[in-house]
file structure-v3.cif (mmCIF, C-alpha atoms)
data_input
loop_
_atom_site.label_atom_id
_atom_site.label_comp_id
_atom_site.auth_asym_id
_atom_site.auth_seq_id
_atom_site.Cartn_x
_atom_site.Cartn_y
_atom_site.Cartn_z
CA MET A 1 83.07 -33.67 37.14
CA SER A 2 82.25 -30.55 39.14
CA ASP A 3 78.55 -31.44 39.52
CA HIS A 4 79.06 -34.51 41.73
CA PRO A 5 80.34 -35.04 45.28
CA LEU A 6 83.62 -36.71 44.33
CA PRO A 7 86.93 -34.91 43.70
CA ASP A 8 87.46 -32.85 40.58
CA LEU A 9 90.90 -33.72 39.20
CA SER A 10 91.77 -30.26 37.90
CA ARG A 11 90.99 -28.78 41.31
CA LEU A 12 92.91 -31.57 43.02
CA HIS A 13 96.05 -30.86 41.02
CA ALA A 14 95.67 -27.13 41.64
CA ILE A 15 95.55 -27.79 45.40
CA ILE A 16 98.58 -30.09 45.26
CA ASP A 17 100.64 -27.59 43.24
CA GLU A 18 99.59 -24.66 45.43
CA VAL A 19 100.67 -26.36 48.65
CA VAL A 20 104.04 -27.42 47.23
CA ALA A 21 104.76 -24.00 45.74
CA THR A 22 103.63 -22.07 48.82
CA TRP A 23 105.63 -24.30 51.16
CA HIS A 24 108.87 -23.76 49.27
CA ALA A 25 108.28 -20.02 48.94
CA ARG A 26 107.79 -19.69 52.72
CA GLU A 27 109.79 -22.65 54.04
CA PRO A 28 111.79 -20.74 56.70
CA GLU A 29 108.50 -19.83 58.45
CA PHE A 30 107.51 -23.47 59.04
CA THR A 31 109.49 -24.33 62.14
CA ASP A 32 107.25 -27.19 63.30
CA TRP A 33 103.94 -28.84 62.47
CA ASP A 34 101.76 -26.57 64.62
CA VAL A 35 103.16 -23.47 62.93
CA THR A 36 102.86 -25.09 59.51
CA GLU A 37 99.24 -26.03 60.02
CA ARG A 38 98.35 -22.58 61.34
CA LEU A 39 100.01 -20.69 58.49
CA LEU A 40 98.79 -22.97 55.70
CA CYS A 41 95.36 -24.00 56.90
CA GLY A 42 93.89 -24.48 53.41
CA PRO A 43 90.54 -23.76 51.75
CA GLU A 44 87.26 -23.52 53.63
CA ALA A 45 85.14 -25.81 51.46
CA PRO A 46 84.26 -28.36 50.18
CA GLN A 47 85.51 -30.92 52.66
CA TRP A 48 87.39 -33.11 50.20
CA GLU A 49 89.45 -30.06 49.21
CA ARG A 50 90.38 -29.33 52.83
CA LEU A 51 91.41 -32.95 53.36
CA ALA A 52 93.43 -33.11 50.11
CA TRP A 53 95.16 -29.86 51.08
CA ARG A 54 95.95 -31.23 54.53
CA LEU A 55 97.29 -34.48 53.09
CA GLN A 56 99.62 -32.62 50.72
CA LEU A 57 100.73 -30.37 53.57
CA ILE A 58 101.45 -33.34 55.85
CA ASN A 59 103.53 -35.10 53.19
CA THR A 60 105.39 -31.89 52.33
CA PHE A 61 106.20 -31.28 55.99
CA GLN A 62 107.28 -34.89 56.44
CA TRP A 63 109.47 -34.85 53.33
CA HIS A 64 111.49 -32.00 54.80
CA GLU A 65 111.63 -33.59 58.25
CA GLU A 66 113.16 -36.64 56.59
CA ASP A 67 115.70 -34.34 54.93
CA LYS A 68 116.74 -33.19 58.41
CA SER A 69 117.43 -36.79 59.43
CA ARG A 70 119.88 -37.10 56.55
CA ALA A 71 121.74 -33.87 57.27
CA HIS A 72 125.51 -34.31 57.58
CA GLY A 73 126.63 -34.06 61.19
CA ALA A 74 123.18 -34.40 62.73
CA GLY A 75 123.57 -35.41 66.37
CA ASP A 76 121.61 -37.92 68.40
CA GLU A 77 119.40 -35.25 69.99
CA LEU A 78 118.35 -33.86 66.62
CA LEU A 79 117.83 -37.31 65.13
CA GLY A 80 115.66 -38.35 68.08
CA ALA A 81 113.51 -35.23 67.75
CA VAL A 82 113.14 -35.72 64.02
CA LYS A 83 112.22 -39.40 64.48
CA ARG A 84 109.43 -38.41 66.90
CA SER A 85 108.26 -35.71 64.48
CA ILE A 86 108.16 -38.18 61.58
CA ASP A 87 106.25 -40.74 63.66
CA ALA A 88 103.66 -38.11 64.55
CA SER A 89 103.47 -37.02 60.93
CA ASN A 90 102.91 -40.59 59.73
CA ARG A 91 100.04 -40.88 62.16
CA ARG A 92 98.48 -37.64 60.85
CA ARG A 93 98.91 -38.89 57.30
CA VAL A 94 97.13 -42.20 57.97
CA GLN A 95 94.32 -40.45 59.80
CA THR A 96 93.87 -37.95 56.97
CA ILE A 97 93.75 -40.63 54.27
CA ASP A 98 91.09 -42.42 56.33
CA ALA A 99 89.17 -39.18 56.89
CA LEU A 100 89.23 -38.46 53.15
CA ASP A 101 87.92 -41.93 52.31
CA VAL A 102 85.24 -41.69 55.03
CA HIS A 103 84.08 -38.39 53.56
CA LEU A 104 84.00 -39.76 50.01
CA VAL A 105 82.05 -42.86 51.06
CA GLU A 106 79.53 -40.72 52.91
CA ALA A 107 79.26 -38.24 50.03
CA ALA A 108 78.83 -40.96 47.40
CA THR A 109 76.25 -42.78 49.55
CA ALA A 110 74.29 -39.59 50.22
CA ALA A 111 74.26 -38.84 46.49
CA GLY A 112 73.01 -42.35 45.74
CA VAL A 113 76.00 -43.33 43.62
CA ASN A 114 77.69 -45.82 45.96
CA ALA A 115 76.14 -48.96 44.47
CA PRO A 116 75.98 -51.73 47.11
CA ASP A 117 76.43 -54.40 44.41
CA GLY A 118 79.29 -52.64 42.63
CA ALA A 119 82.68 -54.32 42.32
CA LEU A 120 85.38 -53.60 44.87
CA HIS A 121 88.55 -51.76 43.89
CA SER A 122 91.96 -52.66 45.30
CA GLU A 123 92.83 -49.05 46.17
CA THR A 124 90.74 -46.26 47.63
CA PRO A 125 90.59 -42.72 46.19
CA GLY A 126 92.28 -41.44 49.36
CA SER A 127 95.27 -43.73 48.91
CA ILE A 128 95.63 -42.72 45.25
CA ILE A 129 95.51 -39.05 46.20
CA ASP A 130 98.19 -39.73 48.82
CA ARG A 131 100.41 -41.23 46.12
CA LEU A 132 99.81 -38.18 43.90
CA THR A 133 100.90 -35.83 46.69
CA VAL A 134 104.19 -37.72 47.05
CA LEU A 135 104.75 -37.70 43.29
CA ALA A 136 104.22 -33.93 43.31
CA LEU A 137 107.04 -33.55 45.81
CA LYS A 138 109.35 -35.80 43.81
CA ARG A 139 108.54 -33.85 40.65
CA TYR A 140 109.21 -30.51 42.33
CA HIS A 141 112.59 -31.56 43.70
CA VAL A 142 113.76 -33.29 40.53
CA ALA A 143 112.82 -30.17 38.53
CA GLU A 144 114.77 -28.13 41.06
CA ALA A 145 117.77 -30.44 40.67
CA LEU A 146 117.48 -30.28 36.89
CA SER A 147 117.77 -26.49 36.92
CA ALA A 148 120.94 -26.63 39.01
CA CYS A 149 122.74 -29.77 37.77
CA ASP A 150 125.89 -29.96 35.68
CA PRO A 151 125.31 -30.11 31.91
CA ASP A 152 126.62 -33.68 31.83
CA ASP A 153 123.91 -34.75 34.29
CA HIS A 154 121.11 -32.94 32.50
CA PRO A 155 119.92 -35.83 30.26
CA ALA A 156 119.68 -38.28 33.15
CA MET A 157 117.88 -35.76 35.36
CA GLN A 158 115.49 -34.84 32.55
CA ALA A 159 114.72 -38.54 32.06
CA ARG A 160 113.82 -38.79 35.76
CA LEU A 161 111.53 -35.79 35.47
CA ASP A 162 109.89 -37.25 32.36
CA THR A 163 109.27 -40.51 34.24
CA LEU A 164 107.64 -38.65 37.12
CA GLU A 165 105.43 -36.66 34.74
CA GLU A 166 104.36 -39.93 33.14
CA GLN A 167 103.60 -41.45 36.54
CA VAL A 168 101.47 -38.43 37.52
CA THR A 169 99.56 -38.64 34.25
CA ASP A 170 99.00 -42.39 34.56
CA LEU A 171 97.95 -42.29 38.21
CA SER A 172 95.64 -39.33 37.58
CA GLY A 173 94.04 -41.33 34.79
CA CYS A 174 93.53 -44.26 37.13
CA LEU A 175 91.87 -42.01 39.71
CA ALA A 176 89.65 -40.43 37.05
CA ALA A 177 88.58 -43.88 35.81
CA LEU A 178 87.84 -45.02 39.37
CA LEU A 179 85.66 -41.97 40.02
CA VAL A 180 83.77 -42.53 36.77
CA ASP A 181 83.17 -46.16 37.68
CA ILE A 182 81.91 -45.15 41.13
CA LEU A 183 79.50 -42.63 39.64
CA ALA A 184 78.28 -45.20 37.11
CA GLY A 185 77.64 -47.77 39.83
CA ARG A 186 80.24 -50.20 38.54
CA VAL A 187 82.52 -49.80 41.58
CA ARG A 188 81.57 -49.21 45.21
CA LEU A 189 83.56 -47.52 47.92
CA LYS A 190 84.22 -49.63 50.99
CA LEU A 191 86.11 -48.59 54.10
CA TYR A 192 88.79 -50.83 55.52
CA ARG A 193 90.84 -48.09 57.18
CA GLN A 194 94.61 -48.30 57.42
CA VAL A 195 95.11 -50.55 60.40
CA LYS A 196 97.94 -49.11 62.50
CA VAL A 197 99.15 -49.72 66.04
CA TYR A 198 101.16 -47.06 67.85
CA ARG A 199 103.18 -47.00 71.04
CA ASP A 200 101.83 -44.38 73.43
CA PRO A 201 104.74 -41.99 74.13
CA ALA A 202 103.45 -41.36 77.66
CA THR A 203 102.99 -44.97 78.77
CA GLY A 204 105.01 -47.00 76.28
CA GLN A 205 101.98 -49.22 75.71
CA LEU A 206 100.87 -50.32 72.25
CA ARG A 207 97.39 -49.18 71.30
CA ALA A 208 95.14 -49.12 68.27
CA ASP A 209 95.01 -45.84 66.41
CA VAL A 210 91.47 -44.77 65.60
CA SER A 211 91.01 -41.40 63.96
#
call {"tool": "encode", "arguments": {"input": "structure-v3.cif", "output": "structure tokens"}}
result
Amino acid sequence: MSDHPLPDLSRLHAIIDEVVATWHAREPEFTDWDVTERLLCGPEAPQWERLAWRLQLINTFQWHEEDKSRAHGAGDELLGAVKRSIDASNRRRVQTIDALDVHLVEAATAAGVNAPDGALHSETPGSIIDRLTVLALKRYHVAEALSACDPDDHPAMQARLDTLEEQVTDLSGCLAALLVDILAGRVRLKLYRQVKVYRDPATGQLRADVS
């Protein structure tokens, strides 16, 4: 599927795995989001690759921020800082999913494959890719736990890893089928955006979030 404007699944999985592996190899360097984004800025082109990279990076950063919130003995000051970091990360995640879907709609329309009379799908490619990035993190950490667990726990941990591998395979298949249907004109991409409202940290007022 490399000759069309929609994501190539083999490249998508390579991006996901590269971000997860690179993060964990260099984790001590990533002290906050700004540093993380600067050090792991991702590929130059095409745009869907940059957005998929960014989405995986956001979810990887957020996963480890959430770990901080569960650390034994974490005080109120740390928990407050982590909560603000996670809120900001969630906002970046939503904006990036929307940006990915906007790009795919525009690319499919420009290529003449976004059929106006095609059926609607209940989930966008961006939201499926988001789910795949989270599964990649779960898979990495369960595999890590498997390598370090007690022998008695090995079968249960292996079963969890097998389940995650199955979920990745199934969800990848669903994304592949959706992309094929879009290209064939059976399904059309439509933007709804993820409707979110955020409280402005400066004013305390609720406002719509538009990326």
call {"tool": "closest_residue", "arguments": {"input": "structure-v3.cif", "among": "A:Val105, A:Ala136, A:Ala52, A:Ala71", "to": "Asp8 (chain A)", "atoms": "all atoms listed in the file"}}
result
A:Ala52
call {"tool": "atom_distance", "arguments": {"input": "structure-v3.cif", "atom1": "CA of Leu40 (chain A)", "atom2": "CA of Val197 (chain A)"}}
result
28.7 Å
call {"tool": "resolve_selection", "arguments": {"input": "structure-v3.cif", "expression": "the PyMOL selection byres ((chain A and resi 144) around 12)", "output": "PDB file with C-alpha atoms, in the frame of the given file"}}
result
ATOM      1  CA  ALA A  21     104.760 -24.000  45.740  1.00  0.00           C
ATOM      2  CA  HIS A  24     108.870 -23.760  49.270  1.00  0.00           C
ATOM      3  CA  LEU A 137     107.040 -33.550  45.810  1.00  0.00           C
ATOM      4  CA  LYS A 138     109.350 -35.800  43.810  1.00  0.00           C
ATOM      5  CA  ARG A 139     108.540 -33.850  40.650  1.00  0.00           C
ATOM      6  CA  TYR A 140     109.210 -30.510  42.330  1.00  0.00           C
ATOM      7  CA  HIS A 141     112.590 -31.560  43.700  1.00  0.00           C
ATOM      8  CA  VAL A 142     113.760 -33.290  40.530  1.00  0.00           C
ATOM      9  CA  ALA A 143     112.820 -30.170  38.530  1.00  0.00           C
ATOM     10  CA  ALA A 145     117.770 -30.440  40.670  1.00  0.00           C
ATOM     11  CA  LEU A 146     117.480 -30.280  36.890  1.00  0.00           C
ATOM     12  CA  SER A 147     117.770 -26.490  36.920  1.00  0.00           C
ATOM     13  CA  ALA A 148     120.940 -26.630  39.010  1.00  0.00           C
ATOM     14  CA  CYS A 149     122.740 -29.770  37.770  1.00  0.00           C
ATOM     15  CA  HIS A 154     121.110 -32.940  32.500  1.00  0.00           C
ATOM     16  CA  MET A 157     117.880 -35.760  35.360  1.00  0.00           C
ATOM     17  CA  GLN A 158     115.490 -34.840  32.550  1.00  0.00           C
ATOM     18  CA  ARG A 160     113.820 -38.790  35.760  1.00  0.00           C
ATOM     19  CA  LEU A 161     111.530 -35.790  35.470  1.00  0.00           C
TER      20      LEU A 161
END
call {"tool": "closest_residue", "arguments": {"input": "structure-v3.cif", "among": "A:Leu132, A:Asp76, A:Asp98, A:Ser89", "to": "Leu12 (chain A)", "atoms": "all atoms listed in the file"}}
result
A:Leu132
call {"tool": "closest_residue", "arguments": {"input": "structure-v3.cif", "among": "A:Gly173, A:Gly204, A:Gly75, A:Pro28", "to": "Ile129 (chain A)", "atoms": "only C-alpha atoms"}}
result
A:Gly173
call {"tool": "resolve_selection", "arguments": {"input": "structure-v3.cif", "expression": "the PyMOL selection byres ((chain A and resi 126) around 8)", "output": "PDB file with C-alpha atoms, keeping the file's coordinate frame"}}
result
ATOM      1  CA  ILE A  97      93.750 -40.630  54.270  1.00  0.00           C
ATOM      2  CA  ASP A  98      91.090 -42.420  56.330  1.00  0.00           C
ATOM      3  CA  LEU A 100      89.230 -38.460  53.150  1.00  0.00           C
ATOM      4  CA  ASP A 101      87.920 -41.930  52.310  1.00  0.00           C
ATOM      5  CA  THR A 124      90.740 -46.260  47.630  1.00  0.00           C
ATOM      6  CA  PRO A 125      90.590 -42.720  46.190  1.00  0.00           C
ATOM      7  CA  SER A 127      95.270 -43.730  48.910  1.00  0.00           C
ATOM      8  CA  ILE A 128      95.630 -42.720  45.250  1.00  0.00           C
ATOM      9  CA  ILE A 129      95.510 -39.050  46.200  1.00  0.00           C
ATOM     10  CA  ASP A 130      98.190 -39.730  48.820  1.00  0.00           C
TER      11      ASP A 130
END
call {"tool": "closest_residue", "arguments": {"input": "structure-v3.cif", "among": "A:Trp33, A:Glu49, A:Leu39, A:Leu135", "to": "Ala88 (chain A)", "atoms": "all atoms listed in the file"}}
result
A:Trp33
call {"tool": "closest_residue", "arguments": {"input": "structure-v3.cif", "among": "A:Phe61, A:Ala99, A:Ala110, A:Leu179", "to": "Asp34 (chain A)", "atoms": "only C-alpha atoms"}}
result
A:Phe61
call {"tool": "closest_residue", "arguments": {"input": "structure-v3.cif", "among": "A:His13, A:His64, A:Arg38, A:His103", "to": "Lys190 (chain A)", "atoms": "only C-alpha atoms"}}
result
A:His103
call {"tool": "atom_distance", "arguments": {"input": "structure-v3.cif", "atom1": "CA of Leu9 (chain A)", "atom2": "CA of Ala108 (chain A)"}}
result
16.3 Å
call {"tool": "build_atoms", "arguments": {"input": "structure-v3.cif", "residues": "region 174-190 of chain A", "atoms": "N, CA and C atoms", "output": "PDB file, in the coordinates of the input"}}
result
ATOM      1  N   CYS A 174      94.118 -43.174  36.351  1.00  0.00           N
ATOM      2  CA  CYS A 174      93.530 -44.260  37.130  1.00  0.00           C
ATOM      3  C   CYS A 174      92.502 -43.726  38.127  1.00  0.00           C
ATOM      4  N   LEU A 175      92.816 -42.602  38.767  1.00  0.00           N
ATOM      5  CA  LEU A 175      91.870 -42.010  39.710  1.00  0.00           C
ATOM      6  C   LEU A 175      90.616 -41.533  38.979  1.00  0.00           C
ATOM      7  N   ALA A 176      90.802 -40.902  37.824  1.00  0.00           N
ATOM      8  CA  ALA A 176      89.650 -40.430  37.050  1.00  0.00           C
ATOM      9  C   ALA A 176      88.756 -41.604  36.661  1.00  0.00           C
ATOM     10  N   ALA A 177      89.360 -42.707  36.208  1.00  0.00           N
ATOM     11  CA  ALA A 177      88.580 -43.880  35.810  1.00  0.00           C
ATOM     12  C   ALA A 177      87.832 -44.470  36.996  1.00  0.00           C
ATOM     13  N   LEU A 178      88.484 -44.497  38.170  1.00  0.00           N
ATOM     14  CA  LEU A 178      87.840 -45.020  39.370  1.00  0.00           C
ATOM     15  C   LEU A 178      86.625 -44.170  39.744  1.00  0.00           C
ATOM     16  N   LEU A 179      86.772 -42.852  39.682  1.00  0.00           N
ATOM     17  CA  LEU A 179      85.660 -41.970  40.020  1.00  0.00           C
ATOM     18  C   LEU A 179      84.500 -42.132  39.043  1.00  0.00           C
ATOM     19  N   VAL A 180      84.815 -42.290  37.767  1.00  0.00           N
ATOM     20  CA  VAL A 180      83.770 -42.530  36.770  1.00  0.00           C
ATOM     21  C   VAL A 180      83.039 -43.824  37.052  1.00  0.00           C
ATOM     22  N   ASP A 181      83.784 -44.859  37.388  1.00  0.00           N
ATOM     23  CA  ASP A 181      83.170 -46.160  37.680  1.00  0.00           C
ATOM     24  C   ASP A 181      82.296 -46.089  38.938  1.00  0.00           C
ATOM     25  N   ILE A 182      82.726 -45.311  39.928  1.00  0.00           N
ATOM     26  CA  ILE A 182      81.910 -45.150  41.130  1.00  0.00           C
ATOM     27  C   ILE A 182      80.599 -44.452  40.785  1.00  0.00           C
ATOM     28  N   LEU A 183      80.693 -43.390  40.012  1.00  0.00           N
ATOM     29  CA  LEU A 183      79.500 -42.630  39.640  1.00  0.00           C
ATOM     30  C   LEU A 183      78.544 -43.460  38.787  1.00  0.00           C
ATOM     31  N   ALA A 184      79.110 -44.366  37.987  1.00  0.00           N
ATOM     32  CA  ALA A 184      78.280 -45.200  37.110  1.00  0.00           C
ATOM     33  C   ALA A 184      77.735 -46.430  37.831  1.00  0.00           C
ATOM     34  N   GLY A 185      78.131 -46.622  39.088  1.00  0.00           N
ATOM     35  CA  GLY A 185      77.640 -47.770  39.830  1.00  0.00           C
ATOM     36  C   GLY A 185      78.372 -49.063  39.564  1.00  0.00           C
ATOM     37  N   ARG A 186      79.479 -48.980  38.839  1.00  0.00           N
ATOM     38  CA  ARG A 186      80.240 -50.200  38.540  1.00  0.00           C
ATOM     39  C   ARG A 186      81.179 -50.579  39.679  1.00  0.00           C
ATOM     40  N   VAL A 187      81.604 -49.579  40.468  1.00  0.00           N
ATOM     41  CA  VAL A 187      82.520 -49.800  41.580  1.00  0.00           C
ATOM     42  C   VAL A 187      81.921 -49.141  42.823  1.00  0.00           C
ATOM     43  N   ARG A 188      82.049 -49.801  43.966  1.00  0.00           N
ATOM     44  CA  ARG A 188      81.570 -49.210  45.210  1.00  0.00           C
ATOM     45  C   ARG A 188      82.753 -48.904  46.123  1.00  0.00           C
ATOM     46  N   LEU A 189      82.557 -47.890  46.929  1.00  0.00           N
ATOM     47  CA  LEU A 189      83.560 -47.520  47.920  1.00  0.00           C
ATOM     48  C   LEU A 189      83.296 -48.286  49.205  1.00  0.00           C
ATOM     49  N   LYS A 190      84.323 -48.894  49.745  1.00  0.00           N
ATOM     50  CA  LYS A 190      84.220 -49.630  50.990  1.00  0.00           C
ATOM     51  C   LYS A 190      85.377 -49.248  51.891  1.00  0.00           C
TER      52      LYS A 190
END
